[in-house]
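One structure below.
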4 protein chains.
Amino acid sequence: MDAPSLINPPLAATLLISCPDRKGLVAAVTDFISRHNGNILQLDQHVDTQENVFFMRVEWDLENFQVKREDIATRFGEIAAPFEMTWQIHFSDQIPRMAIFVSKESHCLYDILYRQQSGEWKVEIPVIISNHPDMGELAAKFGIPYRVVPINKDTKAEAEQAQLALLDEFKPDLIVLARYMQIISENFVSHYPNSIINIHHSFLPAFAGAKPYHRAHGRGVKIIGASSHYVTAELDAGPIIEQDIMRVNHRDSVADLVRKGKDVEKLVLSRAIRYHLNHQVLVYNNKTVIFA
Amino acid sequence: MDAPSLINPPLAATLLISCPDRKGLVAAVTDFISRHNGNILQLDQHVDTQENVFFMRVEWDLENFQVKREDIATRFGEIAAPFEMTWQIHFSDQIPRMAIFVSKESHCLYDILYRQQSGEWKVEIPVIISNHPDMGELAAKFGIPYRVVPINKDTKAEAEQAQLALLDEFKPDLIVLARYMQIISENFVSHYPNSIINIHHSFLPAFAGAKPYHRAHGRGVKIIGASSHYVTAELDAGPIIEQDIMRVNHRDSVADLVRKGKDVEKLVLSRAIRYHLNHQVLVYNNKTVIFA
Amino acid sequence: MDAPSLINPPLAATLLISCPDRKGLVAAVTDFISRHNGNILQLDQHVDTQENVFFMRVEWDLENFQVKREDIATRFGEIAAPFEMTWQIHFSDQIPRMAIFVSKESHCLYDILYRQQSGEWKVEIPVIISNHPDMGELAAKFGIPYRVVPINKDTKAEAEQAQLALLDEFKPDLIVLARYMQIISENFVSHYPNSIINIHHSFLPAFAGAKPYHRAHGRGVKIIGASSHYVTAELDAGPIIEQDIMRVNHRDSVADLVRKGKDVEKLVLSRAIRYHLNHQVLVYNNKTVIFA
Amino acid sequence: MDAPSLINPPLAATLLISCPDRKGLVAAVTDFISRHNGNILQLDQHVDTQENVFFMRVEWDLENFQVKREDIATRFGEIAAPFEMTWQIHFSDQIPRMAIFVSKESHCLYDILYRQQSGEWKVEIPVIISNHPDMGELAAKFGIPYRVVPINKDTKAEAEQAQLALLDEFKPDLIVLARYMQIISENFVSHYPNSIINIHHSFLPAFAGAKPYHRAHGRGVKIIGASSHYVTAELDAGPIIEQDIMRVNHRDSVADLVRKGKDVEKLVLSRAIRYHLNHQVLVYNNKTVIFA
């Protein structure tokens, strides 16, 4: 067999940090870890010299770490305070919960369900929410609750209230819009800042908004793309997490672009989700730092 | 909706031709079509000047074609004979039948079933054959007959006989080895020349044979690949239909290569299958001409 | 040596055709060639089914062709007229003349001069025109006339007159803006329709106009690109000939994008020039058909 | 102007470290830097968990660093010893010296000279050595000493002695084989371990050795590649630094592969050189860690 995967990797902690850049930041964090007998598994840092902001991700083995898991946040908080760090801590045995929004297109949903079911991702999918019943059968095949919330111009506000109520019930850490095709209101977004991932079927910022493949075809581009980004109040303008492209030519009709584009959309969305699930993404200034 | 697909495209015929190169070949074929009021939809030709071989693919609309469908082969045969053409004709309403062989890996099978079920490909899948029961549940989800033929060193010959009997029963036009992981005997291959497509998880001819990801990792390559080819008597040495690659780096373990490689394998295999189903492939000299 | 290049290939003719689609087009053209004992070297055709336009490129060997070179246009014109074909004919021994416009950036100019000097392209470069003296030394190294026409907002009209006068003198078939960085007026463009190739340092239509790398950096894109297109009256909106991309990440400053982008710009521009020089480009509806 | 490049960046030091993995390594190094008031500009680390080896690259600003430049090595040596670190230190004002070996192909040489001359790389090129006089004119254009050492089967040992004598004279830190096309003896390599960079015109390990494009064409691959690696005693088997690829198809003759391949070779070699010049490469187990 070609695929030896690690069985029961040891418990690890991951810190994501950002703060104004100054001397001694890495030393302070790594000293905290090594002083308590932690073994660093992975460390990445970045300095935006233009904005003078420091970013760091560090993952360490908790096996012989001498601070108890439940005390780590408090103890690290003492290190973080004088540096004015913004930080989060994650433990490798916490399985994130991911809600999925879909409309009528199945390719991204199918791809996500496969990656979860095959064990490629450690994630729970508590619910799939849609404005149409079409994907219900697929959800049933995988045993995942499927809720339909119809939506139209007149009912948008109520529909979003119903969606938010569902999310309160299913408590996701992350929401993925898997070709959901509806614009999310600023109010909705404000409940899940940097926690809603969308896939847009163009190479942003080109062809933001509706019918990107039609417009790409009309413009005669030689390459199409897909972009995954966090949803913000402005349409298709949130922090980009991942992008990729595919070559096309004069023979490709709009239908060909749609077909070829699906393969890029799936890949780009799945990479973005993976980065998020692995706590490899830091957001600032409407951009992302990806520690991959 | 972004995906307008052609409903009921008109009936079309596709000719695939190869022969020694000489003057007048394109004129002879296109004259045959236009003289009988056919409208060419797509025409591709290629001359291997080194080998002096001519290749052609032409697809035309049969709507007002004045030769009856059942007579086309006979009539075209009269054109083809003096040029010593080797040729095949296909009609667009013939749905090819594709048998799938799998072992324990699900990613390629899953991808194929999705493309067929979603209507991306017009193909029937009459049977899935495996040496293990593992994929039976997935086959059942899609309502496709699943047959297990266990195989080991001692039973290989009998197992292949049982497989050939199954194929006689299900009569596929094409056999896809979707990570089947068993070596096919020369005898078996001889029953399906240029009709068995394999996906090998390396950038051929690098890492032909077993455990390519382990060997790629050991060699420290910066890019991994996958290759889809027709199966011939020599292992991983048949005509290559499609290849693609993915960038890796020192951080990637063998398990990471396996995971990342799956996305390339799926894409490469699906493109190769599509070329074959669309009659876009001509084989000669252990190479392929792909009219895409 | 790895690079056997064909010495004295036989004389060939290339026809580029477009017209309303109808039956018998390919047959008519190929019959003309084969009837006079011509041997087709390469044939490509395309039908835009939406617009009902037919495109064709055919290249044939003139060695034993029974129509004299100087009569081919007249004789083919008789075939073309009833089909309302728009067409051009080129002979392989005609070396095109290419004028280059530059500003202060050297990378594209350097790349072009290398390809010409090394024999990769069969093209004459009669003159390099610039608004700055900076590239004069490089031009001198290659023995190419270098003319400086300073330009500013107030002198733009006169400067363009001076440029047009130079072009009248040097009679180029093609003008390449190798990072010329000045907007060309509609009047200027009208003298050279579909004959001025520009390289824009973004993935069009994203970041048309000024400072694309700054804007790409500001938007936090994960991929940058370059686009080569024919110049039309509207800035960066002409028919795209070729595009390509390069992956970037959060570590890349604007200066890094500029540096990395240069390698893409060079490649994309050189491919577009090659397509044009080989008569592989047909323009319609502000798009291109590339028979490559 | 689009290309603001940093004028007079502050003096920085770069440490490259490898050693058996254990706790406290990052903390020890970063504490050394921050304790003496150094500001980390960039830090990368990697652990090969299979081999239990730790790798690190750290670059810091020396502006207010309280250890004098000439004492840094000694003082850091005290930190390094107990961890059994193998390490090197580089200062950003040291301009490396790079000798170039060429044969008759100009594309890589031309590309390298452009990058050096245009200021893209901070490197001195004290000498170009060749077994043929062909590139002398190009070297002269750039004012670089050009030495011809003819070589054939019978004179190989003496020729290499002459080359080594030249290198003793010109004292390069790095030797680049820019399509030199001669096999280097084990003795020669032993003088410059991990300091000779070659470009091989295939996707290694496929098509190691002679005439890779011919063999790629013969095998009918759909993608060609280039690989840059450190030269070791075994032909084309040294640690790979960088690889990239280009798509080809049945229309491409060997001459087309040669032509297209040149663009990949140039890019791959230039990226490998850049990594080396920036001290971003660590070699172990015949593989590379690239901190890019």
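Within each chain, counting starts at residue 1; across the structure tokens, chains are named A, B, ... in the order shown, with ligands numbered 1 upward in that order.
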(request) Could you give me, as a ChimeraX atom specification, the residues within 6 Å of region 226-229 of chain A, counting only C-alpha atoms and dropping anything in the same chain fewer than 5 positions from it? (result) /A:197-203,238-244,265,269
(message) Need to verify the contact set: Leu15 (chain D), 7 Å, only C-alpha atoms, exclusion of same-chain residues closer than 5 positions in sequence. Can you return it as a ChimeraX atom specification?
(response) /D:57-59,87-90
Just write the chosen residues, N, CA, C and O atoms, as a compact mmCIF listing (two decimals), in the first residue's frame.
# COMPACT_ATOMS: atom_id res chain seq x y z
N ARG D 57 17.07 28.29 9.16
CA ARG D 57 17.67 29.46 8.52
C ARG D 57 17.11 30.67 9.23
O ARG D 57 15.89 30.80 9.38
N VAL D 58 17.98 31.54 9.69
CA VAL D 58 17.50 32.76 10.34
C VAL D 58 18.35 33.93 9.87
O VAL D 58 19.57 33.83 9.73
N GLU D 59 17.65 35.01 9.57
CA GLU D 59 18.30 36.20 9.03
C GLU D 59 17.94 37.34 9.97
O GLU D 59 16.77 37.50 10.32
N TRP D 87 26.93 24.47 11.01
CA TRP D 87 26.35 25.79 10.68
C TRP D 87 27.29 26.62 9.82
O TRP D 87 28.49 26.39 9.76
N GLN D 88 26.68 27.58 9.12
CA GLN D 88 27.44 28.57 8.36
C GLN D 88 26.82 29.93 8.64
O GLN D 88 25.63 30.04 8.88
N ILE D 89 27.66 30.97 8.56
CA ILE D 89 27.12 32.32 8.68
C ILE D 89 27.52 33.14 7.45
O ILE D 89 28.62 32.98 6.92
N HIS D 90 26.58 33.95 7.00
CA HIS D 90 26.82 34.81 5.83
C HIS D 90 26.38 36.23 6.15
O HIS D 90 25.40 36.43 6.87
(message) What's around His107 (chain D) at 8 Å? Count only C-alpha atoms, leave out sequence neighbours fewer than 2 positions away in its own chain, and write the answer as a PyMOL selection string.
(response) chain D and resi 105+109-111+262+266
(request) Using only C-alpha atoms, find the residues of chain D whose closest atom to chain A is at most 6 Å away, then write them as a PyMOL selection string. (result) chain D and resi 23-24+27+30-31+34+39
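All residues of protein, DNA or RNA that reach within 12 Å of Ala162 (chain D), judged by only C-alpha atoms and not counting those fewer than 3 positions away in the chain, are Ile129, Ser130, Asn131, Arg147, Val148, Val149, Pro150, Ile151, Thr155, Lys156, Ala157, Glu158, Ala159, Ala165, Leu166, Leu167, Asp168, Glu169 and Phe188 of chain D.
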Residues of the last selection are to be written out with all heavy atoms, as a tab-separated table (two decimals), in the first residue's frame.
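Saved file part-v2.tsv follows:
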chain	number	residue	atom	x	y	z
D	129	ILE	N	34.35	29.78	-18.31
D	129	ILE	CA	35.24	28.75	-18.82
D	129	ILE	C	34.47	27.87	-19.80
D	129	ILE	O	33.34	27.49	-19.53
D	129	ILE	CB	35.81	27.89	-17.66
D	129	ILE	CG1	36.64	28.78	-16.72
D	129	ILE	CG2	36.63	26.71	-18.18
D	129	ILE	CD1	37.13	28.09	-15.45
D	130	SER	N	35.10	27.58	-20.93
D	130	SER	CA	34.41	26.76	-21.93
D	130	SER	C	35.38	25.82	-22.63
D	130	SER	O	36.58	26.06	-22.67
D	130	SER	CB	33.73	27.66	-22.98
D	130	SER	OG	33.06	26.86	-23.94
D	131	ASN	N	34.85	24.75	-23.19
D	131	ASN	CA	35.66	23.86	-24.02
D	131	ASN	C	35.62	24.29	-25.49
D	131	ASN	O	36.20	23.63	-26.34
D	131	ASN	CB	35.20	22.40	-23.87
D	131	ASN	CG	33.71	22.24	-24.07
D	131	ASN	OD1	32.94	23.20	-23.91
D	131	ASN	ND2	33.29	21.03	-24.39
D	147	ARG	N	37.85	31.94	-20.79
D	147	ARG	CA	38.98	31.05	-20.96
D	147	ARG	C	38.55	29.75	-21.62
D	147	ARG	O	37.60	29.12	-21.17
D	147	ARG	CB	39.62	30.73	-19.59
D	147	ARG	CG	40.10	31.96	-18.85
D	147	ARG	CD	41.20	32.70	-19.62
D	147	ARG	NE	41.38	34.05	-19.11
D	147	ARG	CZ	42.19	34.35	-18.09
D	147	ARG	NH1	42.88	33.41	-17.49
D	147	ARG	NH2	42.29	35.61	-17.68
D	148	VAL	N	39.24	29.38	-22.65
D	148	VAL	CA	38.93	28.13	-23.36
D	148	VAL	C	39.87	27.02	-22.90
D	148	VAL	O	41.09	27.17	-22.96
D	148	VAL	CB	39.04	28.31	-24.89
D	148	VAL	CG1	38.76	26.99	-25.60
D	148	VAL	CG2	38.07	29.39	-25.36
D	149	VAL	N	39.30	25.95	-22.44
D	149	VAL	CA	40.06	24.74	-22.10
D	149	VAL	C	39.47	23.61	-22.93
D	149	VAL	O	38.46	23.01	-22.55
D	149	VAL	CB	39.96	24.42	-20.60
D	149	VAL	CG1	40.80	23.18	-20.28
D	149	VAL	CG2	40.38	25.60	-19.74
D	150	PRO	N	40.09	23.31	-24.07
D	150	PRO	CA	39.55	22.23	-24.91
D	150	PRO	C	39.59	20.92	-24.13
D	150	PRO	O	40.44	20.72	-23.25
D	150	PRO	CB	40.51	22.17	-26.10
D	150	PRO	CG	41.27	23.46	-26.06
D	150	PRO	CD	41.33	23.87	-24.63
D	151	ILE	N	38.66	20.06	-24.41
D	151	ILE	CA	38.59	18.81	-23.67
D	151	ILE	C	38.15	17.70	-24.61
D	151	ILE	O	37.31	17.90	-25.48
D	151	ILE	CB	37.61	18.95	-22.46
D	151	ILE	CG1	37.77	17.80	-21.48
D	151	ILE	CG2	36.17	19.08	-22.92
D	151	ILE	CD1	37.17	18.13	-20.12
D	155	THR	N	42.20	13.90	-23.16
D	155	THR	CA	42.81	14.99	-22.42
D	155	THR	C	42.00	15.39	-21.19
D	155	THR	O	42.28	16.40	-20.57
D	155	THR	CB	42.93	16.23	-23.32
D	155	THR	OG1	41.60	16.66	-23.66
D	155	THR	CG2	43.71	15.93	-24.59
D	156	LYS	N	41.00	14.59	-20.86
D	156	LYS	CA	40.07	15.00	-19.82
D	156	LYS	C	40.77	15.32	-18.49
D	156	LYS	O	40.50	16.36	-17.87
D	156	LYS	CB	39.03	13.91	-19.60
D	156	LYS	CG	37.87	14.34	-18.73
D	156	LYS	CD	36.85	13.21	-18.58
D	156	LYS	CE	35.80	13.60	-17.58
D	156	LYS	NZ	34.81	14.53	-18.13
D	157	ALA	N	41.66	14.46	-18.07
D	157	ALA	CA	42.30	14.66	-16.77
D	157	ALA	C	43.11	15.96	-16.76
D	157	ALA	O	43.00	16.78	-15.84
D	157	ALA	CB	43.20	13.47	-16.43
D	158	GLU	N	43.90	16.17	-17.83
D	158	GLU	CA	44.69	17.41	-17.89
D	158	GLU	C	43.79	18.63	-17.99
D	158	GLU	O	44.06	19.68	-17.39
D	158	GLU	CB	45.59	17.41	-19.13
D	158	GLU	CG	46.60	16.29	-19.17
D	158	GLU	CD	46.89	15.87	-20.61
D	158	GLU	OE1	47.34	16.73	-21.39
D	158	GLU	OE2	46.61	14.69	-20.95
D	159	ALA	N	42.73	18.49	-18.79
D	159	ALA	CA	41.83	19.63	-18.96
D	159	ALA	C	41.22	20.02	-17.61
D	159	ALA	O	41.14	21.20	-17.26
D	159	ALA	CB	40.73	19.29	-19.96
D	165	ALA	N	43.01	24.90	-11.99
D	165	ALA	CA	44.01	25.98	-11.83
D	165	ALA	C	43.36	27.34	-12.07
D	165	ALA	O	43.60	28.31	-11.33
D	165	ALA	CB	45.17	25.76	-12.80
D	166	LEU	N	42.50	27.39	-13.10
D	166	LEU	CA	41.79	28.64	-13.36
D	166	LEU	C	40.90	29.01	-12.17
D	166	LEU	O	40.82	30.18	-11.77
D	166	LEU	CB	40.91	28.51	-14.62
D	166	LEU	CG	41.63	28.67	-15.96
D	166	LEU	CD1	40.71	28.27	-17.12
D	166	LEU	CD2	42.11	30.12	-16.13
D	167	LEU	N	40.24	28.02	-11.62
D	167	LEU	CA	39.36	28.29	-10.49
D	167	LEU	C	40.17	28.76	-9.28
D	167	LEU	O	39.73	29.63	-8.53
D	167	LEU	CB	38.52	27.05	-10.15
D	167	LEU	CG	37.55	26.64	-11.27
D	167	LEU	CD1	36.86	25.31	-10.93
D	167	LEU	CD2	36.50	27.72	-11.53
D	168	ASP	N	41.37	28.17	-9.11
D	168	ASP	CA	42.23	28.65	-8.03
D	168	ASP	C	42.57	30.12	-8.23
D	168	ASP	O	42.68	30.88	-7.28
D	168	ASP	CB	43.54	27.83	-7.99
D	168	ASP	CG	43.35	26.50	-7.29
D	168	ASP	OD1	42.30	26.32	-6.63
D	168	ASP	OD2	44.23	25.62	-7.42
D	169	GLU	N	42.71	30.47	-9.48
D	169	GLU	CA	43.05	31.85	-9.78
D	169	GLU	C	41.86	32.79	-9.52
D	169	GLU	O	42.01	33.86	-8.93
D	169	GLU	CB	43.47	31.95	-11.26
D	169	GLU	CG	43.84	33.34	-11.72
D	169	GLU	CD	44.06	33.40	-13.24
D	169	GLU	OE1	44.22	32.32	-13.87
D	169	GLU	OE2	44.03	34.51	-13.79
D	188	PHE	N	37.21	16.23	-9.53
D	188	PHE	CA	36.87	17.64	-9.69
D	188	PHE	C	35.77	18.04	-8.70
D	188	PHE	O	35.87	19.05	-7.99
D	188	PHE	CB	36.40	17.89	-11.13
D	188	PHE	CG	36.23	19.33	-11.48
D	188	PHE	CD1	37.16	19.99	-12.27
D	188	PHE	CD2	35.14	20.06	-11.01
D	188	PHE	CE1	37.01	21.33	-12.60
D	188	PHE	CE2	34.98	21.40	-11.33
D	188	PHE	CZ	35.92	22.04	-12.12
